[in-house]
Amino acid sequence: MTRSGPPPGGTKSDTVIWQRGLVSRDERWHLLGRNGATVWLTGLSGAGKSTLAAALERALVSRRLPAYRLDGDNIRHGLNSNLGFSAEDRHENIRRIGEVARLFADSGAVALTAFISPYRADRDMVRATHVAAELSFLEVFVDAALEVCEQRDPKGLYKKARAGIIKGFTGIDDPYEPPQKPELVVHTDQDSVEACVEQILVLLGERGVLGNEP
Ligand code: ADX
């Protein structure tokens, strides 16, 4: 696997042949003056992933950096509208988004993903596809206690899950496996949105994602 080749685990068909382009990533990134990357926000529903992704997108675009948000609730309206919340569907949800994020990162953008992504193996799989393609994958654990998320309950879903109206809700009757070695942990139940965004920006700066911007 080379960084300009097909992703690992892709189709092995003899009739679908990988096509190389005429623009290398180095050339593209050099032109842009920065590196693409994926910031993978993971955490419980209500932990603040969407809020942080939106604030990060604002902060990055304000610095004239191409950032793009891929948000679980939004993506499930379109690209992944055929998926539910079984382990299998969640796996496919994350697999597809991992691929989309990888393409965004390869293009030189910062992909900001906000998905519960409850299974470690799924997140590790996405990480592996980025590593194989020599792309930065920054896993950020958006940590907030379940009690806090449940109290926030911005969509009233915890209430429905407790009442048994929604089955298999993450944190209630479905698992969430916290990252063991994330690049960063932010505590939204202790720190402000601005403080959490700042911590993520520092991480991005260290990885060359902020380019030469002041
Ligand atoms: S993931 O588990 O596959 O990563 P994703 O982030 O796309 O989930 O979607 C999570 C959002 O879907 C939640 O924020 C919530 O609004 C909604 N949702 C609906 N049903 C469930 C459920 N059973 N478990 C978790 N979230 C659910």
# chains A, B, ... in the order shown; residues from 1 in each chain; ligands from 1

$ select_by_dssp --residues "segment 43-196 of chain A" --states "alpha helix (DSSP H)" --output "PyMOL selection string"
chain A and resi 49-62+72-75+87-106+120-132+146-152+157-162+193-196

$ residues_around --residues "Ile200 of chain A" --least-positions-apart "5" --cutoff "10 Å" --atoms "only C-alpha atoms" --output "PyMOL selection string"
chain A and resi 39+52+56+138+140+183-186+194-195+205-206

$ write_last_selection --atoms "N, CA, C and O atoms" --output "PDB file, in the first residue's frame"
ATOM      1  N   VAL A  39      -9.845  14.899  12.210  1.00  0.00           N
ATOM      2  CA  VAL A  39     -10.056  14.999  13.656  1.00  0.00           C
ATOM      3  C   VAL A  39     -11.289  14.170  13.956  1.00  0.00           C
ATOM      4  O   VAL A  39     -12.394  14.485  13.471  1.00  0.00           O
ATOM      5  N   LEU A  52     -18.594  20.984  19.457  1.00  0.00           N
ATOM      6  CA  LEU A  52     -17.157  21.200  19.277  1.00  0.00           C
ATOM      7  C   LEU A  52     -16.782  21.207  17.803  1.00  0.00           C
ATOM      8  O   LEU A  52     -15.973  22.029  17.361  1.00  0.00           O
ATOM      9  N   LEU A  56     -15.060  24.277  16.020  1.00  0.00           N
ATOM     10  CA  LEU A  56     -13.758  24.043  15.382  1.00  0.00           C
ATOM     11  C   LEU A  56     -13.793  24.462  13.922  1.00  0.00           C
ATOM     12  O   LEU A  56     -12.864  25.091  13.405  1.00  0.00           O
ATOM     13  N   LEU A 138      -6.440  12.116  14.205  1.00  0.00           N
ATOM     14  CA  LEU A 138      -6.372  12.606  15.575  1.00  0.00           C
ATOM     15  C   LEU A 138      -7.663  12.250  16.290  1.00  0.00           C
ATOM     16  O   LEU A 138      -8.716  12.861  16.041  1.00  0.00           O
ATOM     17  N   VAL A 140     -10.048  12.281  19.212  1.00  0.00           N
ATOM     18  CA  VAL A 140     -10.312  13.134  20.370  1.00  0.00           C
ATOM     19  C   VAL A 140     -11.503  12.550  21.127  1.00  0.00           C
ATOM     20  O   VAL A 140     -12.611  12.461  20.581  1.00  0.00           O
ATOM     21  N   GLU A 183      -5.441  10.757  20.934  1.00  0.00           N
ATOM     22  CA  GLU A 183      -4.444  11.826  20.864  1.00  0.00           C
ATOM     23  C   GLU A 183      -4.768  12.903  21.907  1.00  0.00           C
ATOM     24  O   GLU A 183      -3.886  13.601  22.367  1.00  0.00           O
ATOM     25  N   LEU A 184      -6.068  13.000  22.250  1.00  0.00           N
ATOM     26  CA  LEU A 184      -6.473  14.047  23.197  1.00  0.00           C
ATOM     27  C   LEU A 184      -7.795  13.651  23.868  1.00  0.00           C
ATOM     28  O   LEU A 184      -8.639  12.998  23.255  1.00  0.00           O
ATOM     29  N   VAL A 185      -7.920  14.057  25.124  1.00  0.00           N
ATOM     30  CA  VAL A 185      -9.206  13.917  25.824  1.00  0.00           C
ATOM     31  C   VAL A 185      -9.652  15.322  26.206  1.00  0.00           C
ATOM     32  O   VAL A 185      -8.868  16.077  26.789  1.00  0.00           O
ATOM     33  N   VAL A 186     -10.867  15.685  25.841  1.00  0.00           N
ATOM     34  CA  VAL A 186     -11.398  16.972  26.304  1.00  0.00           C
ATOM     35  C   VAL A 186     -12.587  16.680  27.228  1.00  0.00           C
ATOM     36  O   VAL A 186     -13.350  15.748  26.987  1.00  0.00           O
ATOM     37  N   GLU A 194     -14.858  26.885  24.300  1.00  0.00           N
ATOM     38  CA  GLU A 194     -13.681  27.615  23.811  1.00  0.00           C
ATOM     39  C   GLU A 194     -12.392  26.942  24.283  1.00  0.00           C
ATOM     40  O   GLU A 194     -11.445  26.801  23.509  1.00  0.00           O
ATOM     41  N   ALA A 195     -12.382  26.524  25.538  1.00  0.00           N
ATOM     42  CA  ALA A 195     -11.172  25.890  26.088  1.00  0.00           C
ATOM     43  C   ALA A 195     -10.905  24.559  25.379  1.00  0.00           C
ATOM     44  O   ALA A 195      -9.753  24.227  25.063  1.00  0.00           O
ATOM     45  N   GLY A 205      -1.989  22.347  15.479  1.00  0.00           N
ATOM     46  CA  GLY A 205      -0.790  23.135  15.197  1.00  0.00           C
ATOM     47  C   GLY A 205       0.453  22.259  15.265  1.00  0.00           C
ATOM     48  O   GLY A 205       1.336  22.332  14.400  1.00  0.00           O
ATOM     49  N   GLU A 206       0.499  21.408  16.271  1.00  0.00           N
ATOM     50  CA  GLU A 206       1.656  20.511  16.443  1.00  0.00           C
ATOM     51  C   GLU A 206       1.803  19.554  15.262  1.00  0.00           C
ATOM     52  O   GLU A 206       2.899  19.114  14.953  1.00  0.00           O
TER      53      GLU A 206
END

$ residues_near_ligand --ligand "ligand 1" --cutoff "6 Å" --atoms "only C-alpha atoms and all ligand atoms" --output "VMD selection string"
chain A and resid 45 72 to 73 85 90 93 115 to 118 167 to 170

$ closest_residue --among "A:Val61, A:Leu31, A:Ile94, A:Leu103" --to "Asp124 of chain A" --atoms "only C-alpha atoms"
A:Ile94

$ residues_around --residues "Ile97 of chain A" --least-positions-apart "3" --cutoff "12 Å" --atoms "only C-alpha atoms" --output "PyMOL selection string"
chain A and resi 38+40+69-72+74-76+78-80+90-94+100-105+111-117+122-123+125-127+129

$ write_last_selection --atoms "N, CA and C atoms" --output "tab-separated table (two decimals), in the first residue's frame"
chain	number	residue	atom	x	y	z
A	38	THR	N	-7.57	14.28	9.68
A	38	THR	CA	-8.90	13.97	10.20
A	38	THR	C	-8.88	14.12	11.72
A	40	TRP	N	-11.08	13.10	14.69
A	40	TRP	CA	-12.18	12.16	14.94
A	40	TRP	C	-12.69	12.35	16.37
A	69	ARG	N	-17.18	19.65	8.33
A	69	ARG	CA	-17.79	18.85	9.38
A	69	ARG	C	-18.59	17.69	8.81
A	70	LEU	N	-18.37	16.53	9.36
A	70	LEU	CA	-19.20	15.37	9.03
A	70	LEU	C	-19.86	14.97	10.35
A	71	ASP	N	-21.15	15.21	10.45
A	71	ASP	CA	-21.85	15.04	11.72
A	71	ASP	C	-22.81	13.86	11.65
A	72	GLY	N	-22.76	13.02	12.66
A	72	GLY	CA	-23.57	11.79	12.67
A	72	GLY	C	-25.03	12.01	12.31
A	74	ASN	N	-26.46	14.48	10.80
A	74	ASN	CA	-26.63	14.98	9.43
A	74	ASN	C	-26.38	13.90	8.39
A	75	ILE	N	-25.30	13.16	8.57
A	75	ILE	CA	-24.93	12.14	7.59
A	75	ILE	C	-26.00	11.04	7.53
A	76	ARG	N	-26.65	10.82	8.65
A	76	ARG	CA	-27.71	9.81	8.68
A	76	ARG	C	-28.97	10.28	7.94
A	78	GLY	N	-28.57	11.58	4.89
A	78	GLY	CA	-28.23	11.44	3.48
A	78	GLY	C	-27.45	10.18	3.20
A	79	LEU	N	-26.14	10.33	3.12
A	79	LEU	CA	-25.25	9.21	2.76
A	79	LEU	C	-25.60	7.92	3.50
A	80	ASN	N	-25.87	8.04	4.79
A	80	ASN	CA	-26.11	6.83	5.60
A	80	ASN	C	-27.56	6.70	6.06
A	90	ARG	N	-23.82	0.36	12.72
A	90	ARG	CA	-22.89	1.37	13.26
A	90	ARG	C	-21.51	1.16	12.65
A	91	HIS	N	-21.14	-0.10	12.49
A	91	HIS	CA	-19.84	-0.41	11.87
A	91	HIS	C	-19.79	0.16	10.45
A	92	GLU	N	-20.86	-0.08	9.70
A	92	GLU	CA	-20.90	0.40	8.30
A	92	GLU	C	-20.93	1.93	8.26
A	93	ASN	N	-21.65	2.54	9.21
A	93	ASN	CA	-21.69	4.00	9.34
A	93	ASN	C	-20.26	4.54	9.48
A	94	ILE	N	-19.52	3.95	10.38
A	94	ILE	CA	-18.16	4.44	10.66
A	94	ILE	C	-17.22	4.11	9.50
A	100	VAL	N	-14.80	8.64	3.76
A	100	VAL	CA	-15.05	10.02	3.33
A	100	VAL	C	-14.05	10.97	4.00
A	101	ALA	N	-13.83	10.76	5.29
A	101	ALA	CA	-12.88	11.61	6.02
A	101	ALA	C	-11.48	11.48	5.41
A	102	ARG	N	-11.11	10.27	5.07
A	102	ARG	CA	-9.79	10.02	4.47
A	102	ARG	C	-9.64	10.79	3.16
A	103	LEU	N	-10.70	10.82	2.38
A	103	LEU	CA	-10.65	11.55	1.11
A	103	LEU	C	-10.53	13.06	1.35
A	104	PHE	N	-11.29	13.55	2.33
A	104	PHE	CA	-11.19	14.98	2.66
A	104	PHE	C	-9.77	15.31	3.10
A	105	ALA	N	-9.22	14.49	3.98
A	105	ALA	CA	-7.87	14.74	4.49
A	105	ALA	C	-6.86	14.69	3.35
A	111	ALA	N	-10.95	17.19	8.01
A	111	ALA	CA	-12.24	16.54	8.21
A	111	ALA	C	-12.52	16.51	9.70
A	112	LEU	N	-13.67	17.04	10.07
A	112	LEU	CA	-14.05	17.06	11.49
A	112	LEU	C	-15.25	16.12	11.66
A	113	THR	N	-15.03	14.99	12.23
A	113	THR	CA	-16.13	14.03	12.32
A	113	THR	C	-16.70	14.01	13.73
A	114	ALA	N	-18.02	13.97	13.81
A	114	ALA	CA	-18.72	13.94	15.10
A	114	ALA	C	-19.68	12.75	15.10
A	115	PHE	N	-19.16	11.62	15.47
A	115	PHE	CA	-19.95	10.38	15.54
A	115	PHE	C	-19.71	9.72	16.88
A	116	ILE	N	-20.76	9.13	17.44
A	116	ILE	CA	-20.54	8.42	18.70
A	116	ILE	C	-19.40	7.43	18.49
A	117	SER	N	-19.45	6.71	17.38
A	117	SER	CA	-18.45	5.67	17.06
A	117	SER	C	-18.08	4.88	18.32
A	122	ASP	N	-13.93	-0.34	15.39
A	122	ASP	CA	-14.32	0.48	14.23
A	122	ASP	C	-13.43	1.71	14.12
A	123	ARG	N	-13.19	2.36	15.26
A	123	ARG	CA	-12.32	3.56	15.23
A	123	ARG	C	-10.90	3.16	14.85
A	125	MET	N	-10.06	0.72	12.99
A	125	MET	CA	-10.04	0.41	11.56
A	125	MET	C	-9.86	1.71	10.75
A	126	VAL	N	-10.59	2.75	11.14
A	126	VAL	CA	-10.46	4.03	10.43
A	126	VAL	C	-9.04	4.58	10.62
A	127	ARG	N	-8.55	4.46	11.84
A	127	ARG	CA	-7.18	4.92	12.10
A	127	ARG	C	-6.20	4.17	11.17
A	129	THR	N	-6.66	2.84	8.26
A	129	THR	CA	-6.71	3.27	6.85
A	129	THR	C	-5.99	4.62	6.68

$ atom_distance --atom1 "atom CA of Gly108 of chain A" --atom2 "atom CA of Asn35 of chain A"
5.6 Å

$ atom_distance --atom1 "atom CA of Asp26 of chain A" --atom2 "atom CA of Gly98 of chain A"
21.5 Å

$ residues_around --residues "segment 62-65 of chain A" --least-positions-apart "4" --cutoff "9 Å" --atoms "only C-alpha atoms" --output "list of chain:residue names"
A:Arg34, A:Glu57, A:Arg58, A:Ala109, A:Val110, A:Val209, A:Leu210, A:Gly211, A:Glu213, A:Pro214

$ residues_around --residues "Ala144 of chain A" --least-positions-apart "4" --cutoff "6 Å" --atoms "only C-alpha atoms" --output "PDB file with N, CA and C atoms, in the first residue's frame"
ATOM      1  N   ALA A  47     -22.460  14.505  24.529  1.00  0.00           N
ATOM      2  CA  ALA A  47     -21.157  14.843  25.135  1.00  0.00           C
ATOM      3  C   ALA A  47     -20.628  16.180  24.615  1.00  0.00           C
ATOM      4  N   HIS A 187     -12.674  17.490  28.273  1.00  0.00           N
ATOM      5  CA  HIS A 187     -13.703  17.252  29.291  1.00  0.00           C
ATOM      6  C   HIS A 187     -14.760  18.354  29.195  1.00  0.00           C
ATOM      7  N   THR A 188     -15.807  18.057  28.450  1.00  0.00           N
ATOM      8  CA  THR A 188     -16.806  19.109  28.234  1.00  0.00           C
ATOM      9  C   THR A 188     -17.677  19.340  29.464  1.00  0.00           C
ATOM     10  N   ASP A 189     -17.581  18.456  30.443  1.00  0.00           N
ATOM     11  CA  ASP A 189     -18.351  18.683  31.670  1.00  0.00           C
ATOM     12  C   ASP A 189     -17.554  19.519  32.675  1.00  0.00           C
TER      13      ASP A 189
END

$ atom_distance --atom1 "atom CA of Ala54 of chain A" --atom2 "atom CA of Arg162 of chain A"
28.4 Å

$ closest_residue --among "A:Lys159, A:Ala37, A:Val131, A:Asp153" --to "Arg207 of chain A" --atoms "only C-alpha atoms"
A:Ala37

$ closest_residue --among "A:Lys155, A:His77, A:Lys12, A:Lys160" --to "Asp173 of chain A" --atoms "only C-alpha atoms"
A:Lys160

$ closest_residue --among "A:Tyr119, A:Arg25, A:Gly164, A:Pro154" --to "Asp89 of chain A" --atoms "only C-alpha atoms"
A:Tyr119

$ decode --residues "segment 162-189 of chain A" --atoms "N, CA, C and O atoms" --output "PDB file, in the first residue's frame"
ATOM      1  N   ARG A 162     -34.672   5.660  28.437  1.00  0.00           N
ATOM      2  CA  ARG A 162     -34.997   5.212  29.798  1.00  0.00           C
ATOM      3  C   ARG A 162     -36.420   4.677  29.870  1.00  0.00           C
ATOM      4  O   ARG A 162     -36.706   3.747  30.623  1.00  0.00           O
ATOM      5  N   ALA A 163     -37.282   5.266  29.061  1.00  0.00           N
ATOM      6  CA  ALA A 163     -38.685   4.836  29.054  1.00  0.00           C
ATOM      7  C   ALA A 163     -38.878   3.590  28.191  1.00  0.00           C
ATOM      8  O   ALA A 163     -39.995   3.058  28.096  1.00  0.00           O
ATOM      9  N   GLY A 164     -37.809   3.155  27.534  1.00  0.00           N
ATOM     10  CA  GLY A 164     -37.895   1.953  26.702  1.00  0.00           C
ATOM     11  C   GLY A 164     -38.489   2.211  25.327  1.00  0.00           C
ATOM     12  O   GLY A 164     -38.748   1.288  24.559  1.00  0.00           O
ATOM     13  N   ILE A 165     -38.682   3.484  24.997  1.00  0.00           N
ATOM     14  CA  ILE A 165     -39.258   3.827  23.684  1.00  0.00           C
ATOM     15  C   ILE A 165     -38.184   3.648  22.603  1.00  0.00           C
ATOM     16  O   ILE A 165     -38.474   3.224  21.495  1.00  0.00           O
ATOM     17  N   ILE A 166     -36.938   4.000  22.947  1.00  0.00           N
ATOM     18  CA  ILE A 166     -35.802   3.736  22.043  1.00  0.00           C
ATOM     19  C   ILE A 166     -35.013   2.588  22.653  1.00  0.00           C
ATOM     20  O   ILE A 166     -34.642   2.643  23.825  1.00  0.00           O
ATOM     21  N   LYS A 167     -34.770   1.569  21.842  1.00  0.00           N
ATOM     22  CA  LYS A 167     -33.970   0.427  22.323  1.00  0.00           C
ATOM     23  C   LYS A 167     -32.552   0.551  21.772  1.00  0.00           C
ATOM     24  O   LYS A 167     -32.332   1.095  20.686  1.00  0.00           O
ATOM     25  N   GLY A 168     -31.595   0.026  22.525  1.00  0.00           N
ATOM     26  CA  GLY A 168     -30.209   0.009  22.069  1.00  0.00           C
ATOM     27  C   GLY A 168     -29.603   1.391  22.002  1.00  0.00           C
ATOM     28  O   GLY A 168     -28.902   1.724  21.041  1.00  0.00           O
ATOM     29  N   PHE A 169     -29.873   2.205  23.011  1.00  0.00           N
ATOM     30  CA  PHE A 169     -29.324   3.557  23.018  1.00  0.00           C
ATOM     31  C   PHE A 169     -27.964   3.540  23.722  1.00  0.00           C
ATOM     32  O   PHE A 169     -27.820   3.022  24.839  1.00  0.00           O
ATOM     33  N   THR A 170     -26.979   4.136  23.061  1.00  0.00           N
ATOM     34  CA  THR A 170     -25.608   4.132  23.587  1.00  0.00           C
ATOM     35  C   THR A 170     -25.557   4.703  25.003  1.00  0.00           C
ATOM     36  O   THR A 170     -26.069   5.791  25.256  1.00  0.00           O
ATOM     37  N   GLY A 171     -24.932   3.947  25.894  1.00  0.00           N
ATOM     38  CA  GLY A 171     -24.772   4.404  27.283  1.00  0.00           C
ATOM     39  C   GLY A 171     -25.885   3.921  28.180  1.00  0.00           C
ATOM     40  O   GLY A 171     -25.726   3.872  29.405  1.00  0.00           O
ATOM     41  N   ILE A 172     -27.034   3.585  27.576  1.00  0.00           N
ATOM     42  CA  ILE A 172     -28.164   3.104  28.383  1.00  0.00           C
ATOM     43  C   ILE A 172     -28.268   1.584  28.254  1.00  0.00           C
ATOM     44  O   ILE A 172     -28.063   0.867  29.232  1.00  0.00           O
ATOM     45  N   ASP A 173     -28.555   1.106  27.068  1.00  0.00           N
ATOM     46  CA  ASP A 173     -28.596  -0.348  26.876  1.00  0.00           C
ATOM     47  C   ASP A 173     -27.803  -0.761  25.643  1.00  0.00           C
ATOM     48  O   ASP A 173     -28.133  -1.736  24.975  1.00  0.00           O
ATOM     49  N   ASP A 174     -26.788   0.015  25.339  1.00  0.00           N
ATOM     50  CA  ASP A 174     -25.854  -0.302  24.256  1.00  0.00           C
ATOM     51  C   ASP A 174     -24.492   0.221  24.712  1.00  0.00           C
ATOM     52  O   ASP A 174     -24.431   1.238  25.409  1.00  0.00           O
ATOM     53  N   PRO A 175     -23.423  -0.483  24.309  1.00  0.00           N
ATOM     54  CA  PRO A 175     -22.108  -0.129  24.872  1.00  0.00           C
ATOM     55  C   PRO A 175     -21.460   1.114  24.264  1.00  0.00           C
ATOM     56  O   PRO A 175     -21.744   1.480  23.124  1.00  0.00           O
ATOM     57  N   TYR A 176     -20.578   1.733  25.051  1.00  0.00           N
ATOM     58  CA  TYR A 176     -19.642   2.724  24.521  1.00  0.00           C
ATOM     59  C   TYR A 176     -18.259   2.342  25.035  1.00  0.00           C
ATOM     60  O   TYR A 176     -18.054   2.233  26.247  1.00  0.00           O
ATOM     61  N   GLU A 177     -17.343   2.122  24.128  1.00  0.00           N
ATOM     62  CA  GLU A 177     -15.983   1.722  24.498  1.00  0.00           C
ATOM     63  C   GLU A 177     -15.059   2.923  24.373  1.00  0.00           C
ATOM     64  O   GLU A 177     -14.704   3.330  23.261  1.00  0.00           O
ATOM     65  N   PRO A 178     -14.661   3.530  25.498  1.00  0.00           N
ATOM     66  CA  PRO A 178     -13.820   4.724  25.418  1.00  0.00           C
ATOM     67  C   PRO A 178     -12.464   4.410  24.800  1.00  0.00           C
ATOM     68  O   PRO A 178     -11.963   3.290  24.944  1.00  0.00           O
ATOM     69  N   PRO A 179     -11.882   5.384  24.109  1.00  0.00           N
ATOM     70  CA  PRO A 179     -10.552   5.160  23.520  1.00  0.00           C
ATOM     71  C   PRO A 179      -9.523   4.885  24.610  1.00  0.00           C
ATOM     72  O   PRO A 179      -9.609   5.455  25.705  1.00  0.00           O
ATOM     73  N   GLN A 180      -8.551   4.030  24.296  1.00  0.00           N
ATOM     74  CA  GLN A 180      -7.498   3.740  25.268  1.00  0.00           C
ATOM     75  C   GLN A 180      -6.304   4.656  25.077  1.00  0.00           C
ATOM     76  O   GLN A 180      -5.603   4.976  26.025  1.00  0.00           O
ATOM     77  N   LYS A 181      -6.059   5.045  23.811  1.00  0.00           N
ATOM     78  CA  LYS A 181      -4.908   5.914  23.549  1.00  0.00           C
ATOM     79  C   LYS A 181      -5.294   7.020  22.578  1.00  0.00           C
ATOM     80  O   LYS A 181      -4.723   7.116  21.480  1.00  0.00           O
ATOM     81  N   PRO A 182      -6.251   7.857  22.956  1.00  0.00           N
ATOM     82  CA  PRO A 182      -6.623   8.945  22.030  1.00  0.00           C
ATOM     83  C   PRO A 182      -5.495   9.972  22.001  1.00  0.00           C
ATOM     84  O   PRO A 182      -4.698  10.055  22.939  1.00  0.00           O
ATOM     85  N   GLU A 183      -5.441  10.757  20.934  1.00  0.00           N
ATOM     86  CA  GLU A 183      -4.444  11.826  20.864  1.00  0.00           C
ATOM     87  C   GLU A 183      -4.768  12.903  21.907  1.00  0.00           C
ATOM     88  O   GLU A 183      -3.886  13.601  22.367  1.00  0.00           O
ATOM     89  N   LEU A 184      -6.068  13.000  22.250  1.00  0.00           N
ATOM     90  CA  LEU A 184      -6.473  14.047  23.197  1.00  0.00           C
ATOM     91  C   LEU A 184      -7.795  13.651  23.868  1.00  0.00           C
ATOM     92  O   LEU A 184      -8.639  12.998  23.255  1.00  0.00           O
ATOM     93  N   VAL A 185      -7.920  14.057  25.124  1.00  0.00           N
ATOM     94  CA  VAL A 185      -9.206  13.917  25.824  1.00  0.00           C
ATOM     95  C   VAL A 185      -9.652  15.322  26.206  1.00  0.00           C
ATOM     96  O   VAL A 185      -8.868  16.077  26.789  1.00  0.00           O
ATOM     97  N   VAL A 186     -10.867  15.685  25.841  1.00  0.00           N
ATOM     98  CA  VAL A 186     -11.398  16.972  26.304  1.00  0.00           C
ATOM     99  C   VAL A 186     -12.587  16.680  27.228  1.00  0.00           C
ATOM    100  O   VAL A 186     -13.350  15.748  26.987  1.00  0.00           O
ATOM    101  N   HIS A 187     -12.674  17.490  28.273  1.00  0.00           N
ATOM    102  CA  HIS A 187     -13.703  17.252  29.291  1.00  0.00           C
ATOM    103  C   HIS A 187     -14.760  18.354  29.195  1.00  0.00           C
ATOM    104  O   HIS A 187     -14.603  19.426  29.773  1.00  0.00           O
ATOM    105  N   THR A 188     -15.807  18.057  28.450  1.00  0.00           N
ATOM    106  CA  THR A 188     -16.806  19.109  28.234  1.00  0.00           C
ATOM    107  C   THR A 188     -17.677  19.340  29.464  1.00  0.00           C
ATOM    108  O   THR A 188     -18.430  20.305  29.497  1.00  0.00           O
ATOM    109  N   ASP A 189     -17.581  18.456  30.443  1.00  0.00           N
ATOM    110  CA  ASP A 189     -18.351  18.683  31.670  1.00  0.00           C
ATOM    111  C   ASP A 189     -17.554  19.519  32.675  1.00  0.00           C
ATOM    112  O   ASP A 189     -18.040  19.818  33.763  1.00  0.00           O
TER     113      ASP A 189
END
